[in-house]
file entry.cif (mmCIF, C-alpha atoms)
data_run
loop_
_atom_site.group_PDB
_atom_site.id
_atom_site.type_symbol
_atom_site.label_atom_id
_atom_site.label_comp_id
_atom_site.auth_asym_id
_atom_site.auth_seq_id
_atom_site.Cartn_x
_atom_site.Cartn_y
_atom_site.Cartn_z
ATOM 1 C CA MET A 1 -54.145 -23.101 15.602
ATOM 2 C CA LEU A 2 -53.536 -20.082 17.741
ATOM 3 C CA CYS A 3 -54.411 -22.249 20.736
ATOM 4 C CA ALA A 4 -51.575 -24.619 19.851
ATOM 5 C CA ALA A 5 -49.062 -21.764 19.964
ATOM 6 C CA VAL A 6 -50.477 -20.541 23.273
ATOM 7 C CA PHE A 7 -50.398 -24.060 24.739
ATOM 8 C CA PHE A 8 -46.789 -24.485 23.647
ATOM 9 C CA LEU A 9 -45.775 -21.228 25.327
ATOM 10 C CA VAL A 10 -47.700 -22.132 28.487
ATOM 11 C CA ALA A 11 -45.970 -25.504 28.556
ATOM 12 C CA LEU A 12 -42.571 -23.834 28.295
ATOM 13 C CA MET A 13 -43.412 -21.425 31.088
ATOM 14 C CA ASP A 14 -44.906 -24.217 33.175
ATOM 15 C CA SER A 15 -41.752 -26.327 32.881
ATOM 16 C CA GLN A 16 -39.684 -23.472 34.365
ATOM 17 C CA ALA A 17 -42.143 -22.646 37.157
ATOM 18 C CA GLY A 18 -41.004 -23.443 40.681
ATOM 19 C CA LYS A 19 -37.263 -23.207 39.944
ATOM 20 C CA ALA A 20 -35.110 -20.954 42.074
ATOM 21 C CA ILE A 21 -33.474 -17.951 40.401
ATOM 22 C CA TYR A 22 -29.967 -17.024 41.605
ATOM 23 C CA SER A 23 -28.864 -13.420 41.061
ATOM 24 C CA TYR A 24 -25.821 -11.361 41.964
ATOM 25 C CA VAL A 25 -24.098 -8.108 40.975
ATOM 26 C CA ASP A 26 -20.708 -8.529 39.289
ATOM 27 C CA GLU A 27 -17.663 -6.213 39.597
ATOM 28 C CA ARG A 28 -18.962 -4.002 36.744
ATOM 29 C CA GLY A 29 -22.275 -3.445 38.502
ATOM 30 C CA ASN A 30 -24.258 -5.672 36.138
ATOM 31 C CA LEU A 31 -27.094 -7.768 37.529
ATOM 32 C CA VAL A 32 -26.582 -11.411 36.537
ATOM 33 C CA ALA A 33 -29.325 -14.022 36.971
ATOM 34 C CA THR A 34 -29.314 -17.782 36.363
ATOM 35 C CA ASP A 35 -31.297 -20.840 37.347
ATOM 36 C CA ARG A 36 -28.144 -22.905 38.075
ATOM 37 C CA LEU A 37 -26.018 -22.306 41.142
ATOM 38 C CA GLU A 38 -23.022 -24.011 39.477
ATOM 39 C CA ASN A 39 -22.953 -21.231 36.829
ATOM 40 C CA ILE A 40 -22.085 -18.631 39.467
ATOM 41 C CA PRO A 41 -18.336 -18.025 40.014
ATOM 42 C CA GLU A 42 -17.076 -18.866 43.521
ATOM 43 C CA ARG A 43 -16.149 -15.238 44.292
ATOM 44 C CA TYR A 44 -19.818 -14.131 43.929
ATOM 45 C CA ARG A 45 -21.529 -17.017 45.740
ATOM 46 C CA ALA A 46 -21.500 -15.189 49.097
ATOM 47 C CA ARG A 47 -23.520 -12.344 47.522
ATOM 48 C CA VAL A 48 -26.095 -14.506 45.740
ATOM 49 C CA LYS A 49 -29.726 -13.573 46.184
ATOM 50 C CA VAL A 50 -32.111 -16.524 45.790
ATOM 51 C CA THR A 51 -35.611 -15.881 44.473
ATOM 52 C CA GLU A 52 -37.954 -18.846 44.749
ATOM 53 C CA GLY A 53 -40.199 -19.501 41.771
ATOM 54 C CA VAL A 54 -43.932 -19.926 42.147
ATOM 55 C CA GLU A 55 -44.961 -23.579 42.299
ATOM 56 C CA SER A 56 -47.351 -24.576 39.576
ATOM 57 C CA GLU A 57 -49.753 -27.449 39.325
ATOM 58 C CA LYS A 58 -47.900 -30.452 37.986
ATOM 59 C CA PRO A 59 -49.787 -33.194 36.190
ATOM 60 C CA ALA A 60 -50.594 -35.962 38.659
ATOM 61 C CA SER A 61 -49.848 -38.698 36.145
ATOM 62 C CA GLY A 62 -46.233 -37.598 35.749
ATOM 63 C CA ALA A 63 -46.868 -36.462 32.167
ATOM 64 C CA SER A 64 -44.702 -33.748 30.674
ATOM 65 C CA PRO A 65 -46.060 -30.182 30.718
ATOM 66 C CA LEU A 66 -46.250 -30.198 26.911
ATOM 67 C CA ALA A 67 -48.386 -33.348 26.981
ATOM 68 C CA SER A 68 -50.534 -31.759 29.679
ATOM 69 C CA ALA A 69 -51.034 -28.635 27.550
ATOM 70 C CA SER A 70 -51.913 -30.836 24.595
ATOM 71 C CA LEU A 71 -54.528 -32.652 26.639
ATOM 72 C CA ARG A 72 -55.981 -29.344 27.830
ATOM 73 C CA GLY A 73 -56.237 -28.238 24.180
ATOM 74 C CA GLU A 74 -57.927 -31.486 23.266
ATOM 75 C CA ASP A 75 -60.314 -31.133 26.203
ATOM 76 C CA LEU A 76 -61.261 -27.638 24.990
ATOM 77 C CA LEU A 77 -61.540 -28.622 21.332
ATOM 78 C CA VAL A 78 -63.784 -31.685 21.653
ATOM 79 C CA PRO A 79 -66.687 -29.894 23.431
ATOM 80 C CA LEU A 80 -66.452 -27.031 20.914
ATOM 81 C CA ILE A 81 -66.685 -29.481 18.025
ATOM 82 C CA ALA A 82 -69.598 -31.272 19.704
ATOM 83 C CA TYR A 83 -71.686 -28.050 19.622
ATOM 84 C CA LEU A 84 -71.118 -27.445 15.914
ATOM 85 C CA PRO A 85 -73.024 -29.045 13.045
ATOM 86 C CA PRO A 86 -71.402 -32.104 11.412
ATOM 87 C CA SER A 87 -70.771 -30.253 8.129
ATOM 88 C CA LEU A 88 -69.737 -26.709 8.972
ATOM 89 C CA ILE A 89 -67.867 -26.255 5.672
ATOM 90 C CA PRO A 90 -69.118 -28.567 2.900
ATOM 91 C CA GLY A 91 -66.611 -31.314 2.120
ATOM 92 C CA LEU A 92 -64.699 -30.945 5.397
ATOM 93 C CA SER A 93 -65.241 -32.645 8.737
ATOM 94 C CA THR A 94 -66.156 -30.449 11.703
ATOM 95 C CA TYR A 95 -62.597 -30.775 13.090
ATOM 96 C CA LYS A 96 -61.016 -29.652 9.801
ATOM 97 C CA SER A 97 -63.537 -26.804 9.509
ATOM 98 C CA VAL A 98 -62.644 -25.563 13.013
ATOM 99 C CA MET A 99 -58.905 -25.773 12.244
ATOM 100 C CA LEU A 100 -59.379 -23.905 8.944
ATOM 101 C CA ILE A 101 -61.510 -21.169 10.510
ATOM 102 C CA GLY A 102 -59.139 -20.845 13.505
ATOM 103 C CA GLY A 103 -56.093 -20.616 11.246
ATOM 104 C CA PHE A 104 -57.783 -18.047 9.026
ATOM 105 C CA LEU A 105 -58.777 -15.920 12.036
ATOM 106 C CA ALA A 106 -55.255 -16.112 13.444
ATOM 107 C CA MET A 107 -53.850 -14.973 10.086
ATOM 108 C CA VAL A 108 -56.325 -12.087 9.838
ATOM 109 C CA LEU A 109 -55.619 -11.003 13.433
ATOM 110 C CA PHE A 110 -51.859 -11.066 12.939
ATOM 111 C CA TYR A 111 -52.044 -9.276 9.612
ATOM 112 C CA GLY A 112 -54.446 -6.693 11.071
ATOM 113 C CA ALA A 113 -52.208 -6.130 14.087
ATOM 114 C CA GLY A 114 -49.287 -5.480 11.745
ATOM 115 C CA LYS A 115 -51.274 -2.970 9.727
ATOM 116 C CA LEU A 116 -52.949 -1.220 12.660
ATOM 117 C CA THR A 117 -49.891 -0.769 14.862
ATOM 118 C CA GLY A 118 -47.878 0.867 12.120
ATOM 119 C CA SER A 119 -44.822 -0.996 13.361
ATOM 120 C CA ALA A 120 -42.272 -1.534 10.602
ATOM 121 C CA PHE A 121 -41.152 -4.718 12.331
ATOM 122 C CA LEU A 122 -44.668 -6.197 12.356
ATOM 123 C CA ARG A 123 -45.218 -5.176 8.729
ATOM 124 C CA LEU A 124 -41.986 -6.971 7.828
ATOM 125 C CA LEU A 125 -42.849 -10.012 9.931
ATOM 126 C CA SER A 126 -46.481 -10.180 8.836
ATOM 127 C CA PRO A 127 -46.099 -12.038 5.503
ATOM 128 C CA TRP A 128 -43.801 -14.612 7.105
ATOM 129 C CA ALA A 129 -46.128 -15.128 10.052
ATOM 130 C CA VAL A 130 -49.158 -15.467 7.791
ATOM 131 C CA GLY A 131 -47.269 -18.026 5.692
ATOM 132 C CA PHE A 132 -46.276 -19.955 8.807
ATOM 133 C CA LEU A 133 -49.849 -19.880 10.094
ATOM 134 C CA ALA A 134 -51.077 -21.177 6.724
ATOM 135 C CA LEU A 135 -48.650 -24.112 6.871
ATOM 136 C CA ALA A 136 -49.476 -24.791 10.523
ATOM 137 C CA THR A 137 -53.192 -24.755 9.699
ATOM 138 C CA LEU A 138 -52.651 -27.349 6.972
ATOM 139 C CA TYR A 139 -50.580 -29.419 9.382
ATOM 140 C CA PHE A 140 -53.308 -29.384 12.050
ATOM 141 C CA MET A 141 -55.997 -30.127 9.466
ATOM 142 C CA PHE A 142 -54.356 -33.089 7.741
ATOM 143 C CA VAL A 143 -51.278 -34.414 9.562
ATOM 144 C CA SER A 144 -51.561 -33.790 13.311
ATOM 145 C CA ASP A 145 -52.600 -36.665 15.553
ATOM 146 C CA LEU A 146 -55.020 -34.274 17.244
ATOM 147 C CA GLY A 147 -57.455 -35.146 14.445
ATOM 148 C CA ASP A 148 -57.045 -38.826 15.371
ATOM 149 C CA ARG A 149 -57.699 -38.105 19.053
ATOM 150 C CA VAL A 150 -60.804 -36.074 18.195
ATOM 151 C CA ALA A 151 -61.958 -38.902 15.888
ATOM 152 C CA ALA A 152 -61.492 -41.382 18.741
ATOM 153 C CA ARG A 153 -63.823 -39.293 20.907
ATOM 154 C CA SER A 154 -66.303 -38.333 18.201
ATOM 155 C CA ALA A 155 -65.995 -40.292 14.943
ATOM 156 C CA ALA A 156 -68.786 -38.316 13.264
ATOM 157 C CA ARG A 157 -66.892 -35.025 13.775
ATOM 158 C CA SER A 158 -63.430 -35.985 12.464
ATOM 159 C CA ASP A 159 -62.068 -38.473 9.959
ATOM 160 C CA GLY A 160 -58.584 -38.443 11.510
ATOM 161 C CA SER A 161 -55.268 -37.455 9.975
ATOM 162 C CA LEU A 162 -54.179 -38.347 6.465
ATOM 163 C CA ILE A 163 -51.439 -40.531 7.941
ATOM 164 C CA HIS A 164 -54.036 -42.526 9.883
ATOM 165 C CA GLN A 165 -56.251 -42.778 6.797
ATOM 166 C CA PHE A 166 -53.295 -44.038 4.699
ATOM 167 C CA GLN A 167 -52.442 -46.619 7.369
ATOM 168 C CA GLU A 168 -56.041 -47.850 7.482
ATOM 169 C CA LYS A 169 -56.203 -47.983 3.685
ATOM 170 C CA GLY A 170 -52.911 -49.931 3.642
ATOM 171 C CA LYS A 171 -54.316 -52.466 6.125
ATOM 172 C CA LEU A 172 -57.443 -52.839 3.992
ATOM 173 C CA ILE A 173 -55.397 -53.371 0.820
ATOM 174 C CA GLU A 174 -53.140 -55.871 2.610
ATOM 175 C CA GLY A 175 -56.213 -57.785 3.812
ATOM 176 C CA GLN A 176 -57.625 -57.865 0.275
ATOM 177 C CA LYS A 177 -54.265 -59.042 -1.050
ATOM 178 C CA GLN A 178 -54.124 -61.889 1.470
ATOM 179 C CA GLU A 179 -57.686 -62.894 0.600
ATOM 180 C CA ARG A 180 -56.866 -62.985 -3.124
ATOM 181 C CA LEU A 181 -53.744 -65.060 -2.461
ATOM 182 C CA LYS A 182 -55.869 -67.572 -0.553
ATOM 183 C CA GLN A 183 -58.330 -67.696 -3.470
ATOM 184 C CA VAL A 184 -55.474 -68.312 -5.926
ATOM 185 C CA ASP A 185 -54.086 -71.058 -3.677
ATOM 186 C CA GLN A 186 -57.528 -72.682 -3.477
ATOM 187 C CA MET A 187 -57.870 -72.515 -7.266
ATOM 188 C CA GLY A 188 -54.433 -74.108 -7.631
ATOM 189 C CA ASP A 189 -55.375 -76.932 -5.238
ATOM 190 C CA ARG A 190 -58.481 -77.751 -7.314
ATOM 191 C CA ASN A 191 -56.497 -78.247 -10.483
#
call {"tool": "encode", "arguments": {"input": "entry.cif", "output": "structure tokens"}}
result
Amino acid sequence: MLCAAVFFLVALMDSQAGKAIYSYVDERGNLVATDRLENIPERYRARVKVTEGVESEKPASGASPLASASLRGEDLLVPLIAYLPPSLIPGLSTYKSVMLIGGFLAMVLFYGAGKLTGSAFLRLLSPWAVGFLALATLYFMFVSDLGDRVAARSAARSDGSLIHQFQEKGKLIEGQKQERLKQVDQMGDRN
């Protein structure tokens, strides 16, 4: 849960890494910075200072940074799930148990940080953030395709997303329907 937010932020930072930053001082003495040279007025281009960004590791396969962060999260999650017992919380798969525990810990940490810092802003933001984390936890537990990817690697540890389960159930029902139609056709041919 919290890892997903961290991976998203890392992916955003990673996508901007390596870009040049152009900066100049305007006539009012304000420092202006941009990552696009075409955004700088012609009269300031002679005074532009170029700062090169730090190159980051790009995925060799040409995948987007967000996909790369997602794969890193999956690569961290699967070994963690492999070390845990198959039924960590009764009635839930190991994957769903980890998501529930992670979401709960993230909520407790955020709520605690709001209370301990004494910041009025964090106290105001805390109920909204806890609500968002609760919804995100439910999303990762039941809807996200991460559950499907974990199930593909370790079927005993995850039963996949609800969407995947509904699709599989629909295929099963469609197969049963086709079989019954064949039986009805065979019964009609006998008469």
call {"tool": "closest_residue", "arguments": {"input": "entry.cif", "among": "A:Ile163, A:Ile81, A:Leu92, A:Ala156", "to": "Val143 in chain A", "atoms": "only C-alpha atoms"}}
result
A:Ile163
call {"tool": "resolve_selection", "arguments": {"input": "entry.cif", "expression": "the PyMOL selection byres ((chain A and resi 139) around 12)", "output": "JSON, numbers by chain"}}
result
{"A": [1, 4, 96, 99, 100, 103, 132, 133, 134, 135, 136, 137, 138, 140, 141, 142, 143, 144, 145, 146, 147, 161, 162, 163]}
call {"tool": "residues_around", "arguments": {"input": "entry.cif", "residues": "range 34-37 of chain A", "least_positions_apart": "2", "cutoff": "12 Å", "atoms": "all atoms listed in the file", "output": "PyMOL selection string"}}
result
chain A and resi 16-25+31-32+39-42+44-46+48-53
call {"tool": "residues_around", "arguments": {"input": "entry.cif", "residues": "Leu84 in chain A", "least_positions_apart": "6", "cutoff": "10 Å", "atoms": "only C-alpha atoms", "output": "list in words"}}
result
Thr94, Tyr95, Ser97, Val98 and Arg157 of chain A
call {"tool": "closest_residue", "arguments": {"input": "entry.cif", "among": "A:Arg43, A:Leu122, A:Arg153, A:Glu174", "to": "Pro79 in chain A", "atoms": "only C-alpha atoms"}}
result
A:Arg153
call {"tool": "axis_aligned_box", "arguments": {"input": "entry.cif", "around": "range 25-35 of chain A", "padding_each_side": "6 Å", "output": "lines of an AutoDock Vina configuration file"}}
result
center_x = -24.5
center_y = -12.1
center_z = 38.6
size_x = 25.6
size_y = 29.4
size_z = 16.8
call {"tool": "residues_near_point", "arguments": {"input": "entry.cif", "point": "(-51.2, -12.0, 7.6)", "cutoff": "6 Å", "atoms": "all atoms listed in the file", "output": "JSON, numbers by chain"}}
result
{"A": [107, 108, 110, 111, 126, 127, 130]}
call {"tool": "atom_distance", "arguments": {"input": "entry.cif", "atom1": "CA of Leu172 in chain A", "atom2": "CA of Asp189 in chain A"}}
result
25.9 Å
